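Structure file data_10.json; described as JSON, C-alpha atoms and all ligand atoms.
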```json
[["chain", "number", "residue", "atom", "x", "y", "z"],
["Q", 272, "MET", "CA", 40.77, -34.68, -8.34],
["Q", 273, "ASN", "CA", 39.37, -31.25, -7.35],
["Q", 274, "SER", "CA", 35.66, -31.16, -6.49],
["Q", 275, "VAL", "CA", 33.41, -29.03, -8.74],
["Q", 276, "GLN", "CA", 30.15, -27.81, -7.30],
["Q", 277, "GLU", "CA", 27.12, -25.96, -8.63],
["Q", 278, "VAL", "CA", 26.84, -22.69, -6.70],
["Q", 279, "PRO", "CA", 23.51, -20.79, -6.76],
["Q", 280, "PHE", "CA", 23.28, -17.03, -7.18],
["Q", 281, "ARG", "CA", 21.57, -15.31, -4.27],
["Q", 282, "VAL", "CA", 19.75, -11.99, -4.41],
["Q", 283, "SER", "CA", 20.01, -9.53, -1.56],
["Q", 284, "ALA", "CA", 16.71, -8.16, -0.35],
["Q", 285, "ARG", "CA", 18.12, -4.69, -0.91],
["Q", 286, "THR", "CA", 18.56, -5.34, -4.66],
["Q", 287, "ALA", "CA", 14.96, -6.37, -5.08],
["Q", 288, "ARG", "CA", 13.85, -3.12, -3.50],
["Q", 289, "LEU", "CA", 16.24, -1.05, -5.59],
["Q", 290, "ILE", "CA", 14.80, -2.52, -8.80],
["Q", 291, "GLY", "CA", 11.33, -1.56, -7.65],
["Q", 292, "ARG", "CA", 12.37, 1.92, -6.58],
["Q", 293, "GLU", "CA", 14.11, 2.65, -9.88],
["Q", 294, "ASN", "CA", 10.81, 1.87, -11.54],
["Q", 295, "VAL", "CA", 8.79, 4.37, -9.49],
["Q", 296, "ALA", "CA", 10.42, 7.73, -8.90],
["Q", 297, "THR", "CA", 7.57, 9.59, -7.23],
["Q", 298, "ALA", "CA", 4.69, 8.71, -4.94],
["Q", 299, "GLU", "CA", 2.26, 9.73, -7.69],
["Q", 300, "SER", "CA", 3.82, 7.26, -10.15],
["Q", 301, "ALA", "CA", 3.74, 4.60, -7.42],
["Q", 302, "ILE", "CA", -0.01, 5.15, -7.06],
["Q", 303, "SER", "CA", -0.44, 4.92, -10.81],
["Q", 304, "GLU", "CA", 1.29, 1.47, -10.75],
["Q", 305, "LEU", "CA", -1.43, 0.30, -8.38],
["Q", 306, "VAL", "CA", -4.20, 1.84, -10.51],
["Q", 307, "LYS", "CA", -2.74, 0.04, -13.55],
["Q", 308, "ASN", "CA", -2.88, -3.26, -11.65],
["Q", 309, "SER", "CA", -6.58, -2.64, -10.95],
["Q", 310, "TYR", "CA", -7.21, -1.99, -14.64],
["Q", 311, "ASP", "CA", -5.35, -5.17, -15.60],
["Q", 312, "ALA", "CA", -7.48, -7.13, -13.09],
["Q", 313, "ASP", "CA", -10.66, -6.09, -14.99],
["Q", 314, "ALA", "CA", -11.85, -3.73, -12.27],
["Q", 315, "SER", "CA", -14.71, -1.37, -13.13],
["Q", 316, "PHE", "CA", -13.27, 1.20, -10.69],
["Q", 317, "CYS", "CA", -10.23, 2.01, -8.62],
["Q", 318, "ILE", "CA", -10.59, 4.36, -5.67],
["Q", 319, "VAL", "CA", -7.50, 5.99, -4.17],
["Q", 320, "ARG", "CA", -8.13, 7.49, -0.75],
["Q", 321, "ILE", "CA", -5.57, 9.51, 1.16],
["Q", 322, "SER", "CA", -6.95, 9.83, 4.68],
["Q", 323, "PRO", "CA", -5.71, 11.20, 8.01],
["Q", 324, "ALA", "CA", -3.74, 8.59, 9.94],
["Q", 325, "TYR", "CA", -4.87, 10.01, 13.32],
["Q", 326, "ASP", "CA", -8.43, 10.97, 14.32],
["Q", 327, "HIS", "CA", -7.13, 12.83, 17.40],
["Q", 328, "VAL", "CA", -3.99, 14.67, 18.49],
["Q", 329, "PRO", "CA", -1.82, 11.93, 20.04],
["Q", 330, "ALA", "CA", -0.28, 12.59, 23.46],
["Q", 331, "GLN", "CA", 2.90, 10.90, 22.23],
["Q", 332, "LEU", "CA", 4.51, 10.67, 18.81],
["Q", 333, "PRO", "CA", 7.17, 8.11, 17.88],
["Q", 334, "LYS", "CA", 10.55, 9.76, 17.19],
["Q", 335, "ARG", "CA", 10.26, 8.62, 13.55],
["Q", 336, "GLU", "CA", 7.16, 10.80, 13.06],
["Q", 337, "TYR", "CA", 8.64, 13.73, 14.98],
["Q", 338, "ASP", "CA", 11.69, 13.58, 12.67],
["Q", 339, "LEU", "CA", 9.45, 13.46, 9.59],
["Q", 340, "LEU", "CA", 7.65, 16.63, 10.69],
["Q", 341, "THR", "CA", 11.06, 18.29, 11.12],
["Q", 342, "ASP", "CA", 12.15, 17.11, 7.63],
["Q", 343, "TRP", "CA", 8.94, 18.58, 6.21],
["Q", 344, "GLY", "CA", 9.77, 21.94, 7.83],
["Q", 345, "LEU", "CA", 6.74, 21.88, 10.16],
["Q", 346, "ALA", "CA", 8.49, 22.73, 13.48],
["Q", 347, "PRO", "CA", 7.05, 19.99, 15.76],
["Q", 348, "GLU", "CA", 9.16, 21.44, 18.61],
["Q", 349, "ASN", "CA", 6.47, 24.16, 18.92],
["Q", 350, "HIS", "CA", 4.04, 21.53, 20.27],
["Q", 351, "TYR", "CA", 6.00, 18.42, 21.28],
["Q", 352, "ASP", "CA", 8.99, 17.81, 23.58],
["Q", 353, "LEU", "CA", 11.34, 15.16, 22.20],
["Q", 354, "ASN", "CA", 12.63, 12.64, 24.73],
["Q", 355, "ASP", "CA", 14.54, 9.56, 23.56],
["Q", 356, "ASP", "CA", 12.15, 7.44, 21.49],
["Q", 357, "PHE", "CA", 9.04, 9.56, 21.87],
["Q", 358, "ALA", "CA", 7.89, 13.13, 21.70],
["Q", 359, "THR", "CA", 5.33, 14.24, 24.30],
["Q", 360, "LEU", "CA", 2.53, 16.72, 23.57],
["Q", 361, "ARG", "CA", 2.53, 19.88, 25.65],
["Q", 362, "PRO", "CA", -0.77, 20.78, 27.38],
["Q", 363, "CYS", "CA", -3.13, 22.21, 24.74],
["Q", 364, "LEU", "CA", -6.78, 22.23, 23.68],
["Q", 365, "GLY", "CA", -6.08, 19.85, 20.83],
["Q", 366, "ASP", "CA", -9.49, 20.40, 19.18],
["Q", 367, "LYS", "CA", -9.80, 19.83, 15.45],
["Q", 368, "HIS", "CA", -9.01, 23.47, 14.56],
["Q", 369, "SER", "CA", -5.96, 23.77, 16.82],
["Q", 370, "PRO", "CA", -2.44, 24.17, 15.37],
["Q", 371, "GLU", "CA", -1.58, 20.79, 16.91],
["Q", 372, "ALA", "CA", -4.43, 19.12, 14.99],
["Q", 373, "LYS", "CA", -3.30, 20.80, 11.74],
["Q", 374, "LEU", "CA", 0.21, 19.50, 12.36],
["Q", 375, "ILE", "CA", -1.00, 15.93, 12.90],
["Q", 376, "GLN", "CA", -3.16, 16.01, 9.76],
["Q", 377, "ASN", "CA", 0.08, 15.81, 7.78],
["Q", 378, "PHE", "CA", 0.20, 12.09, 8.63],
["Q", 379, "VAL", "CA", -1.91, 10.11, 6.18],
["Q", 380, "THR", "CA", -2.63, 6.57, 5.06],
["Q", 381, "VAL", "CA", -3.14, 5.58, 1.42],
["Q", 382, "THR", "CA", -5.81, 3.07, 0.41],
["Q", 383, "VAL", "CA", -6.31, 1.76, -3.13],
["Q", 384, "THR", "CA", -9.47, -0.29, -3.65],
["Q", 385, "ASP", "CA", -10.85, -2.02, -6.75],
["Q", 386, "ASP", "CA", -13.51, -4.57, -7.75],
["Q", 387, "GLY", "CA", -11.15, -6.54, -9.98],
["Q", 388, "SER", "CA", -10.57, -10.28, -10.04],
["Q", 389, "GLY", "CA", -8.82, -10.23, -6.65],
["Q", 390, "MET", "CA", -6.20, -12.72, -5.55],
["Q", 391, "GLY", "CA", -6.64, -16.01, -3.76],
["Q", 392, "ASP", "CA", -3.97, -17.89, -1.84],
["Q", 393, "ASP", "CA", -2.49, -19.43, -5.04],
["Q", 394, "ALA", "CA", -2.35, -16.09, -6.89],
["Q", 395, "ILE", "CA", -0.66, -14.45, -3.91],
["Q", 396, "ARG", "CA", 1.98, -17.19, -3.73],
["Q", 397, "ASP", "CA", 2.50, -17.71, -7.49],
["Q", 398, "ALA", "CA", 2.09, -14.19, -8.90],
["Q", 399, "TRP", "CA", 2.17, -11.54, -6.18],
["Q", 400, "MET", "CA", 5.05, -13.07, -4.19],
["Q", 401, "VAL", "CA", 7.18, -13.99, -7.23],
["Q", 402, "ILE", "CA", 9.27, -11.00, -8.23],
["Q", 403, "GLY", "CA", 9.46, -10.59, -12.00],
["Q", 404, "THR", "CA", 6.43, -12.84, -12.52],
["Q", 405, "ALA", "CA", 5.72, -13.11, -16.25],
["Q", 406, "ASN", "CA", 2.01, -13.98, -16.07],
["Q", 407, "LYS", "CA", 0.93, -10.81, -17.88],
["Q", 408, "GLU", "CA", 3.61, -11.18, -20.56],
["Q", 409, "GLN", "CA", 2.37, -14.70, -21.29],
["Q", 410, "ASP", "CA", -1.27, -13.62, -21.20],
["Q", 411, "SER", "CA", -1.31, -10.06, -22.47],
["Q", 412, "SER", "CA", -5.11, -9.70, -22.64],
["Q", 413, "SER", "CA", -7.40, -9.79, -19.61],
["Q", 414, "LYS", "CA", -10.56, -11.92, -19.43],
["Q", 415, "MET", "CA", -12.55, -8.82, -20.43],
["Q", 416, "GLY", "CA", -10.24, -8.25, -23.40],
["Q", 417, "ARG", "CA", -8.22, -5.36, -22.01],
["Q", 418, "THR", "CA", -4.63, -5.10, -23.18],
["Q", 419, "ARG", "CA", -2.76, -5.42, -19.90],
["Q", 420, "THR", "CA", -0.57, -2.48, -18.97],
["Q", 421, "GLY", "CA", 1.86, -4.46, -16.79],
["Q", 422, "ALA", "CA", 4.46, -7.02, -17.86],
["Q", 423, "LYS", "CA", 7.64, -6.54, -15.85],
["Q", 424, "GLY", "CA", 6.40, -8.08, -12.62],
["Q", 425, "ILE", "CA", 7.86, -5.49, -10.27],
["Q", 426, "GLY", "CA", 5.06, -2.91, -9.96],
["Q", 427, "ARG", "CA", 4.21, -4.07, -6.42],
["Q", 428, "PHE", "CA", 7.40, -2.41, -5.15],
["Q", 429, "ALA", "CA", 5.43, 0.79, -5.63],
["Q", 430, "LEU", "CA", 4.01, -0.11, -2.23],
["Q", 431, "ASP", "CA", 7.41, 0.13, -0.62],
["Q", 432, "ARG", "CA", 7.91, 3.54, -2.25],
["Q", 433, "LEU", "CA", 4.68, 4.77, -0.67],
["Q", 434, "GLY", "CA", 5.06, 3.56, 2.90],
["Q", 435, "ALA", "CA", 6.81, 1.21, 5.32],
["Q", 436, "LYS", "CA", 3.80, -0.99, 6.17],
["Q", 437, "CYS", "CA", 1.28, -2.57, 3.83],
["Q", 438, "GLN", "CA", -1.80, -4.74, 4.14],
["Q", 439, "LEU", "CA", -3.49, -6.16, 1.06],
["Q", 440, "HIS", "CA", -7.05, -7.42, 1.53],
["Q", 441, "SER", "CA", -8.51, -9.45, -1.29],
["Q", 442, "SER", "CA", -11.62, -11.37, -2.22],
["Q", 443, "SER", "CA", -11.87, -13.71, -5.21],
["Q", 444, "THR", "CA", -14.08, -16.52, -6.45],
["Q", 445, "ASP", "CA", -12.71, -19.93, -7.40],
["Q", 446, "GLU", "CA", -13.83, -22.25, -10.24],
["Q", 447, "ASN", "CA", -16.60, -23.63, -7.97],
["Q", 448, "ASP", "CA", -17.86, -20.08, -7.36],
["Q", 449, "ARG", "CA", -16.71, -20.18, -3.75],
["Q", 450, "THR", "CA", -15.50, -16.89, -2.26],
["Q", 451, "GLU", "CA", -11.99, -16.82, -0.86],
["Q", 452, "THR", "CA", -10.82, -13.89, 1.27],
["Q", 453, "LEU", "CA", -7.40, -13.12, 2.69],
["Q", 454, "THR", "CA", -5.12, -10.46, 4.11],
["Q", 455, "TRP", "CA", -1.45, -10.27, 3.11],
["Q", 456, "THR", "CA", 0.82, -8.16, 5.32],
["Q", 457, "VAL", "CA", 4.38, -6.96, 4.82],
["Q", 458, "ASP", "CA", 6.76, -4.73, 6.73],
["Q", 459, "TRP", "CA", 9.21, -3.38, 4.13],
["Q", 460, "SER", "CA", 11.78, -2.51, 6.79],
["Q", 461, "LYS", "CA", 12.57, -6.26, 6.93],
["Q", 462, "PHE", "CA", 14.22, -5.79, 3.53],
["Q", 463, "GLU", "CA", 16.65, -3.33, 5.05],
["Q", 464, "LYS", "CA", 18.24, -5.73, 7.54],
["Q", 465, "ASP", "CA", 21.99, -5.91, 6.88],
["Q", 466, "GLY", "CA", 22.86, -8.90, 4.72],
["Q", 467, "ALA", "CA", 19.22, -10.03, 4.30],
["Q", 468, "VAL", "CA", 18.77, -12.43, 1.40],
["Q", 469, "LEU", "CA", 15.53, -12.15, -0.53],
["Q", 470, "ASP", "CA", 14.11, -15.60, 0.15],
["Q", 471, "GLU", "CA", 14.64, -15.12, 3.88],
["Q", 472, "VAL", "CA", 12.28, -12.13, 3.97],
["Q", 473, "THR", "CA", 8.69, -13.10, 4.69],
["Q", 474, "ALA", "CA", 5.21, -11.61, 4.52],
["Q", 475, "THR", "CA", 2.14, -13.17, 6.15],
["Q", 476, "ILE", "CA", -1.15, -14.42, 4.66],
["Q", 477, "GLU", "CA", -4.26, -14.73, 6.81],
["Q", 478, "LEU", "CA", -6.91, -16.81, 5.03],
["Q", 479, "GLY", "CA", -10.59, -16.04, 5.64],
["Q", 480, "ALA", "CA", -9.80, -12.51, 6.90],
["Q", 481, "PRO", "CA", -12.67, -9.98, 6.65],
["Q", 482, "GLY", "CA", -10.43, -7.05, 5.55],
["Q", 483, "PHE", "CA", -11.85, -6.67, 2.03],
["Q", 484, "SER", "CA", -15.49, -6.44, 3.16],
["Q", 485, "ASN", "CA", -14.45, -3.97, 5.88],
["Q", 486, "ALA", "CA", -12.76, -1.83, 3.21],
["Q", 487, "ILE", "CA", -15.94, -1.95, 1.10],
["Q", 488, "GLU", "CA", -18.05, -0.97, 4.13],
["Q", 489, "SER", "CA", -15.89, 2.10, 4.69],
["Q", 490, "ILE", "CA", -16.32, 3.09, 1.02],
["Q", 491, "ARG", "CA", -20.09, 2.64, 1.34],
["Q", 492, "LYS", "CA", -20.13, 5.28, 4.11],
["Q", 493, "VAL", "CA", -19.08, 7.95, 1.58],
["Q", 494, "PRO", "CA", -22.38, 8.86, -0.16],
["Q", 495, "SER", "CA", -20.84, 9.47, -3.62],
["Q", 496, "LEU", "CA", -19.08, 6.09, -3.51],
["Q", 497, "GLU", "CA", -22.02, 3.84, -2.57],
["Q", 498, "SER", "CA", -22.52, 2.49, -6.10],
["Q", 499, "PHE", "CA", -18.87, 1.36, -6.22],
["Q", 500, "ALA", "CA", -19.29, -0.52, -2.94],
["Q", 501, "LYS", "CA", -22.35, -2.25, -4.39],
["Q", 502, "SER", "CA", -20.46, -3.27, -7.52],
["Q", 503, "ALA", "CA", -17.68, -4.90, -5.46],
["Q", 504, "GLU", "CA", -20.26, -6.62, -3.28],
["Q", 505, "ASP", "CA", -22.15, -8.00, -6.31],
["Q", 506, "LYS", "CA", -18.95, -9.24, -7.93],
["Q", 507, "ARG", "CA", -17.67, -10.68, -4.61],
["Q", 508, "SER", "CA", -14.18, -9.89, -5.77],
["Q", 509, "GLY", "CA", -11.61, -7.14, -5.55],
["Q", 510, "THR", "CA", -8.52, -5.92, -3.76],
["Q", 511, "SER", "CA", -7.95, -3.18, -1.21],
["Q", 512, "ILE", "CA", -4.39, -2.14, -0.39],
["Q", 513, "HIS", "CA", -3.78, -0.13, 2.76],
["Q", 514, "ILE", "CA", -0.44, 1.65, 3.18],
["Q", 515, "SER", "CA", 0.65, 3.20, 6.48],
["Q", 516, "GLU", "CA", 3.78, 4.90, 7.80],
["Q", 517, "VAL", "CA", 3.86, 6.78, 4.50],
["Q", 518, "ARG", "CA", 7.18, 8.21, 3.36],
["Q", 519, "ASP", "CA", 5.96, 11.37, 1.60],
["Q", 520, "HIS", "CA", 4.62, 14.64, 2.87],
["Q", 521, "TRP", "CA", 1.07, 14.76, 1.49],
["Q", 522, "SER", "CA", 0.48, 18.42, 2.25],
["Q", 523, "PRO", "CA", -3.03, 19.86, 1.61],
["Q", 524, "GLU", "CA", -1.56, 21.61, -1.49],
["Q", 525, "ARG", "CA", -0.15, 18.37, -2.86],
["Q", 526, "LEU", "CA", -3.42, 16.55, -2.24],
["Q", 527, "CYS", "CA", -5.27, 19.21, -4.24],
["Q", 528, "CYS", "CA", -2.92, 18.65, -7.20],
["Q", 529, "THR", "CA", -3.35, 14.87, -6.98],
["Q", 530, "ASN", "CA", -7.16, 15.13, -7.27],
["Q", 531, "PRO", "CA", -9.22, 13.79, -8.89],
["Q", 532, "ILE", "CA", -7.93, 10.46, -7.68],
["Q", 533, "MET", "CA", -11.03, 8.40, -8.24],
["Q", 534, "ARG", "CA", -11.21, 6.62, -11.56],
["Q", 535, "GLY", "CA", -13.95, 4.63, -13.23],
["Q", 536, "PHE", "CA", -12.50, 2.41, -15.96],
["Q", 537, "THR", "CA", -13.94, 1.81, -19.37],
["Q", 538, "THR", "CA", -12.81, -1.31, -21.19],
["Q", 601, "LIG", "N1", -5.27, -5.14, -7.91],
["Q", 601, "LIG", "C1", -4.95, -6.38, -8.28],
["Q", 601, "LIG", "N2", -5.92, -7.31, -8.51],
["Q", 601, "LIG", "C2", -5.62, -8.58, -8.88],
["Q", 601, "LIG", "N3", -4.35, -9.03, -9.08],
["Q", 601, "LIG", "C3", -3.35, -8.17, -8.89],
["Q", 601, "LIG", "C4", -3.58, -6.81, -8.48],
["Q", 601, "LIG", "N4", -2.37, -6.19, -8.34],
["Q", 601, "LIG", "C5", -1.44, -7.11, -8.68],
["Q", 601, "LIG", "N5", -2.00, -8.29, -9.00],
["Q", 601, "LIG", "C6", -1.29, -9.53, -9.40],
["Q", 601, "LIG", "O1", 0.04, -9.45, -8.90],
["Q", 601, "LIG", "C7", 0.99, -9.52, -9.97],
["Q", 601, "LIG", "C8", 2.17, -8.62, -9.67],
["Q", 601, "LIG", "O2", 1.85, -7.24, -9.89],
["Q", 601, "LIG", "P1", 3.01, -6.24, -10.32],
["Q", 601, "LIG", "O3", 2.41, -4.89, -10.51],
["Q", 601, "LIG", "O4", 4.13, -6.38, -9.36],
["Q", 601, "LIG", "O5", 3.53, -6.81, -11.72],
["Q", 601, "LIG", "P2", 2.84, -6.74, -13.16],
["Q", 601, "LIG", "O6", 1.61, -5.89, -13.11],
["Q", 601, "LIG", "O7", 2.69, -8.16, -13.62],
["Q", 601, "LIG", "O8", 3.97, -6.03, -14.05],
["Q", 601, "LIG", "P3", 4.53, -4.50, -13.92],
["Q", 601, "LIG", "O9", 5.76, -4.57, -13.07],
["Q", 601, "LIG", "O10", 4.83, -4.10, -15.33],
["Q", 601, "LIG", "O11", 3.45, -3.70, -13.28],
["Q", 601, "LIG", "C9", 0.20, -9.14, -11.21],
["Q", 601, "LIG", "O12", 0.76, -9.74, -12.37],
["Q", 601, "LIG", "C10", -1.19, -9.69, -10.91],
["Q", 601, "LIG", "O13", -1.25, -11.10, -11.19],
["Q", 602, "MG", "MG", 1.67, -3.93, -12.33]]
```
Mind turning the file's structure into structure tokens?
Ligand SMILES: Nc1ncnc2c1ncn2[C@@H]1O[C@H](COP(=O)(O)OP(=O)(O)OP(=O)(O)O)[C@@H](O)[C@H]1O
Ligand SMILES: [Mg+2]
Amino acid sequence: MNSVQEVPFRVSARTARLIGRENVATAESAISELVKNSYDADASFCIVRISPAYDHVPAQLPKREYDLLTDWGLAPENHYDLNDDFATLRPCLGDKHSPEAKLIQNFVTVTVTDDGSGMGDDAIRDAWMVIGTANKEQDSSSKMGRTRTGAKGIGRFALDRLGAKCQLHSSSTDENDRTETLTWTVDWSKFEKDGAVLDEVTATIELGAPGFSNAIESIRKVPSLESFAKSAEDKRSGTSIHISEVRDHWSPERLCCTNPIMRGFTT
């Protein structure tokens, strides 16, 4: 008698990413996925900040960044000499008005911060880490009565569209009114490994991490944003997502078109 066995389907990590990428064509639509998540989490605000990745002109640039500048048509060879893995800055003044500094300002990080319900360890594992999670489909209204904008459970792949590295800092309160904080970190390049199967790709969770309050402190330093920082502090909950190694060229012109990027929500 021949043996008959149940054989499970397996999903390649690449497929999961493709589904997400099909859903978000541009960096702007990727950001709007994150803003929608903040709305669904009953946030009173969502602040999107696109900030310089470097606060100085680095003496060395990784080859990846040198190549990006070339792709963006910014002629890094005028200021850097490319060796194997690194490009080295030629002697220069490097003050903040120098051409080198202007070149480096093209590297940015994207931070999306809200004062929504946040995510604790369970929510990260059961909702955020489960692709295609149907929690919003089952519960289409938020606690505050908002009709939730999300349902497909793939919006978080917007993060991958925006940049290669992501840290999510969150603060939430449990049923006993205790505050839980955490930082979730992923490197999307792990999904690119040849033959990688989805459940072999991991992210990390650090419980008790201070990342969310640090993000709120940096918002408080911007005078026009102080009241938002206070709201998040009073609620003791929210999420701040920090994306680095961004994939797009956020030129000064593009940034102007993307403004205003700060939203206050009404219910
Ligand atoms: N800013 C946030 N605050 C609190 N929870 C969040 C936040 N962003 C995401 N989540 C949680 O993570 C889950 C996954 O988000 P994701 O955007 O991938 O899917 P979705 O919003 O359910 O559906 P869609 O793919 O249509 O956007 C959400 O359902 C929600 O539970
Ligand atoms: Mg969503």
Within-8 Å residues of ligand LIG 601 (chain Q), basis all atoms listed in the file, as a ChimeraX atom specification:
/Q:304-312,314,384-385,387-390,394-395,398-408,420-428,441,509-511
Expected answer as a ChimeraX atom specification: all residues with atoms within 10 Å of (5.7, 15.7, 17.4), only C-alpha atoms:
/Q:328-341,345-353,357-361,371,374-375
Counting only C-alpha atoms and all ligand atoms, figure out which residue out of Q:Thr297, Q:Ser303, Q:Asn273, Q:Asn354 gets nearest to ligand MG 602 (chain Q).
Q:Ser303
So, counting all atoms listed in the file, which residue among Q:Ser495, Q:Asn485, Q:Thr473, Q:Thr380 is closest to Q:Glu516?
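Distance minimum relative to Q:Glu516 lands on Q:Thr380.
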Residues near Q:Ser502, cut-off 12 Å, all atoms listed in the file, skip fewer than 4 positions along chain, as a list in words
Ala314, Ser315, Phe316, Cys317, Asp385, Asp386, Gly387, Ile487, Ile490, Arg491, Leu496, Glu497, Ser498, Lys506, Arg507, Ser508, Gly509 and Gly535 of chain Q
Centre and edge lengths, as JSON, for the axis-aligned box enclosing every listed atom of stretch 282-294 of chain Q with 8 Å of padding on each of the six sides, in Å to one decimal?
```
{"center_x": 15.4, "center_y": -4.7, "center_z": -5.9, "size_x": 25.2, "size_y": 30.6, "size_z": 27.2}
```
Straight-line distance linking atom CA of Q:Ile318 with atom CA of Q:Val383, stated in Å to one decimal:
5.6 Å
Residue among Q:Ile476, Q:Ala429, Q:Ala486, Q:Val457 lying closest to ligand MG 602 (chain Q), counting only C-alpha atoms and all ligand atoms
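Comparing Q:Ile476, Q:Ala429, Q:Ala486, Q:Val457 against ligand MG 602 (chain Q), the winner is Q:Ala429.
Here atom CA of Q:Arg419 is placed at a distance of 19.1 Å from atom CA of Q:Gly291.
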